[in-house]
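Before any comments, here is the structure.
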Amino acid sequence: MSFPEQLKAARTAAGLTQAHMARQLGVDKTTYSGYETGRRQPDLLKLRQMIQLLEVSAGQLLETAPGDHPTPQELAGLRKYRLLDVHGRELVQLVLDKEYQRMTRRENLERETQGWVTYINCYDLAVSAGTGEPWTDSAYKTRLEVPEELVPKRAHFCVRVNGSSMEPAYRDGDIVFVERTETGVSEGEIGIFFLNGDGYIKRLGHGELVSLNPRYGPISLQEDDDFRCQGRVLGKLE
């Protein structure tokens with residue numbers, strides 16, 4: 001993630017508002033907001049203050065490429081975990097083990113190759129290249145049978161595109177291959193996104209989701225949005 005994205009993630013994980021950060025740093029809210037959108041860059045003193053306020057290291061806040069450092073959300077979860085008693089930690093570990101088994105089992109089942117054919121799951125419910133479509137795990141209902149050489153090596157599943165805002169690269173009805181990612185996608189990459197209950201295929205911009213078709217404007221991302229990346233688009237079925 002970029003520095004603005006890391007900063008926003010760390011602040012959210014710490015449970016702090018932009019207004020609180022601005023007061024602690026001695027700047028107005030507009031200036032601080034600029035740090036999270038990339039319009040402004042903090043000086044060294046402000047950066048040191050941010051690190052202390054958010055309880056993260058400089059490496060965690062400034063790292064722009066995926067690595068082995070825990071994310072701000074993971075650090076926040078660890079701080080909460082350490083406050084639990086023995087019973088609470090046992091419950092967390094039980095849920096963690098079950099969810100890990102579910103996710104690893106699902107990835108193994110989503111794609112299977114037999115001979116020259118790859119069987120891969122596809123969301124029947126389309127993701128929107130326009131105004132959004134509801135997104136739920138229950139939409140997994142179709143098992144595609146595709147020649148192995150047409151399926152990208154890193155693809156975990158497929159989704160069907162609905163709408164024209166990603167033309168000319170992705171058209172209405174196209175089936176796209178998606179790679180699950182733990183760290184999301186980088187700015188400028190095309191991904192599958194969950195935004196307030198709707199699914200989109202868009203390019204990730206600076207605080208917004210961008211269409212390839214110039215007839216469609218960007219979708220701004222707000223601080224209180226329920227926003228998640230479902231995966232990176234690797235290409236489409238030709």
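Going by the structure tokens order, chains are called A, B, ..., each with residues numbered from 1, while ligands are numbered from 1 in the order shown.
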Q: Can you pull out every residue within 6 Å of range 181-194 of chain A, counting only C-alpha atoms, but drop anything in the same chain fewer than 4 positions away, and send it as a PyMOL selection string?
A: chain A and resi 198-205+227-233
Output N, CA and C atoms of each residue in that selection to a file, as a PDB file, in the first residue's frame.
ATOM      1  N   ASP A 198     -22.103  -3.832  -2.202  1.00  0.00           N
ATOM      2  CA  ASP A 198     -22.138  -4.021  -3.655  1.00  0.00           C
ATOM      3  C   ASP A 198     -20.772  -4.440  -4.171  1.00  0.00           C
ATOM      4  N   GLY A 199     -20.781  -5.212  -5.275  1.00  0.00           N
ATOM      5  CA  GLY A 199     -19.532  -5.660  -5.870  1.00  0.00           C
ATOM      6  C   GLY A 199     -19.202  -4.873  -7.123  1.00  0.00           C
ATOM      7  N   TYR A 200     -17.938  -4.519  -7.292  1.00  0.00           N
ATOM      8  CA  TYR A 200     -17.494  -3.746  -8.445  1.00  0.00           C
ATOM      9  C   TYR A 200     -16.225  -4.333  -9.037  1.00  0.00           C
ATOM     10  N   ILE A 201     -16.061  -4.184 -10.339  1.00  0.00           N
ATOM     11  CA  ILE A 201     -14.769  -4.365 -10.975  1.00  0.00           C
ATOM     12  C   ILE A 201     -14.329  -2.966 -11.400  1.00  0.00           C
ATOM     13  N   LYS A 202     -13.218  -2.480 -10.831  1.00  0.00           N
ATOM     14  CA  LYS A 202     -12.760  -1.120 -11.079  1.00  0.00           C
ATOM     15  C   LYS A 202     -11.230  -1.057 -10.946  1.00  0.00           C
ATOM     16  N   ARG A 203     -10.679   0.046 -11.408  1.00  0.00           N
ATOM     17  CA  ARG A 203      -9.272   0.352 -11.152  1.00  0.00           C
ATOM     18  C   ARG A 203      -9.191   1.145  -9.852  1.00  0.00           C
ATOM     19  N   LEU A 204      -8.236   0.778  -8.984  1.00  0.00           N
ATOM     20  CA  LEU A 204      -8.076   1.486  -7.719  1.00  0.00           C
ATOM     21  C   LEU A 204      -7.317   2.783  -7.953  1.00  0.00           C
ATOM     22  N   GLY A 205      -7.945   3.897  -7.573  1.00  0.00           N
ATOM     23  CA  GLY A 205      -7.299   5.197  -7.687  1.00  0.00           C
ATOM     24  C   GLY A 205      -6.963   5.759  -6.329  1.00  0.00           C
ATOM     25  N   PHE A 227     -15.433  -1.074   2.934  1.00  0.00           N
ATOM     26  CA  PHE A 227     -14.689  -1.245   1.682  1.00  0.00           C
ATOM     27  C   PHE A 227     -13.660  -2.340   1.832  1.00  0.00           C
ATOM     28  N   ARG A 228     -13.718  -3.330   0.929  1.00  0.00           N
ATOM     29  CA  ARG A 228     -12.765  -4.445   0.953  1.00  0.00           C
ATOM     30  C   ARG A 228     -12.410  -4.848  -0.468  1.00  0.00           C
ATOM     31  N   CYS A 229     -11.195  -5.318  -0.628  1.00  0.00           N
ATOM     32  CA  CYS A 229     -10.766  -5.842  -1.921  1.00  0.00           C
ATOM     33  C   CYS A 229     -10.960  -7.348  -1.929  1.00  0.00           C
ATOM     34  N   GLN A 230     -11.672  -7.859  -2.941  1.00  0.00           N
ATOM     35  CA  GLN A 230     -11.909  -9.297  -3.055  1.00  0.00           C
ATOM     36  C   GLN A 230     -10.796  -9.999  -3.831  1.00  0.00           C
ATOM     37  N   GLY A 231     -10.034  -9.248  -4.623  1.00  0.00           N
ATOM     38  CA  GLY A 231      -8.954  -9.880  -5.386  1.00  0.00           C
ATOM     39  C   GLY A 231      -8.499  -9.033  -6.549  1.00  0.00           C
ATOM     40  N   ARG A 232      -7.436  -9.487  -7.184  1.00  0.00           N
ATOM     41  CA  ARG A 232      -6.828  -8.792  -8.327  1.00  0.00           C
ATOM     42  C   ARG A 232      -7.297  -9.446  -9.621  1.00  0.00           C
ATOM     43  N   VAL A 233      -7.720  -8.642 -10.579  1.00  0.00           N
ATOM     44  CA  VAL A 233      -8.150  -9.156 -11.890  1.00  0.00           C
ATOM     45  C   VAL A 233      -6.911  -9.495 -12.723  1.00  0.00           C
TER      46      VAL A 233
END
**Q.** Filtered DSSP result for range 4-237 of chain A, state strand (DSSP E or B), as a ChimeraX atom specification
**A.** /A:111-114,117-128,133-134,140-147,157-162,175-179,190-195,198-204,208-210,219-220,227-236
**Q.** Closest of A:Ala76, A:Tyr119, A:Leu150, A:Phe3 to Arg40 in chain A - atom-to-atom distances counting only C-alpha atoms
**A.** A:Phe3
Q: Excluding range 48-65 of chain A and any residue of its chain fewer than 3 positions from it, enumerate the residues within 6 Å of it, using only C-alpha atoms, and give them as a PyMOL selection string.
A: chain A and resi 1-3+6+45
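Each of A:Glu112, A:Glu179, A:Asp226, A:Glu208 was checked against Glu145 in chain A using only C-alpha atoms; the smallest atom-to-atom distance is that of A:Glu112.
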Q) Quick one, how far is CA of Arg171 in chain A from CA of Val159 in chain A? A) 12.5 Å
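Of note, CA of Leu195 in chain A and CA of Gln93 in chain A are spaced 28.8 Å apart.
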Just the residues within 7 Å of Val117 in chain A, please, counting only C-alpha atoms, with nothing from its chain fewer than 6 positions along; format it as a PDB file with C-alpha atoms, in the first residue's frame.
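This went into part-v6.pdb:
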ATOM      1  CA  GLU A 145     -14.808 -26.196 -17.440  1.00  0.00           C
ATOM      2  CA  VAL A 146     -11.963 -24.349 -19.179  1.00  0.00           C
ATOM      3  CA  PRO A 147      -8.900 -25.584 -21.109  1.00  0.00           C
ATOM      4  CA  GLU A 148      -5.948 -25.406 -18.697  1.00  0.00           C
TER       5      GLU A 148
END
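Across the structure, CA of Tyr32 in chain A and CA of Gln18 in chain A are spaced 6.9 Å apart.
In this comparison, which uses only C-alpha atoms, the residue of A:Val161, A:Leu144, A:Pro4, A:Leu16 approaching Pro42 in chain A most closely is A:Pro4.
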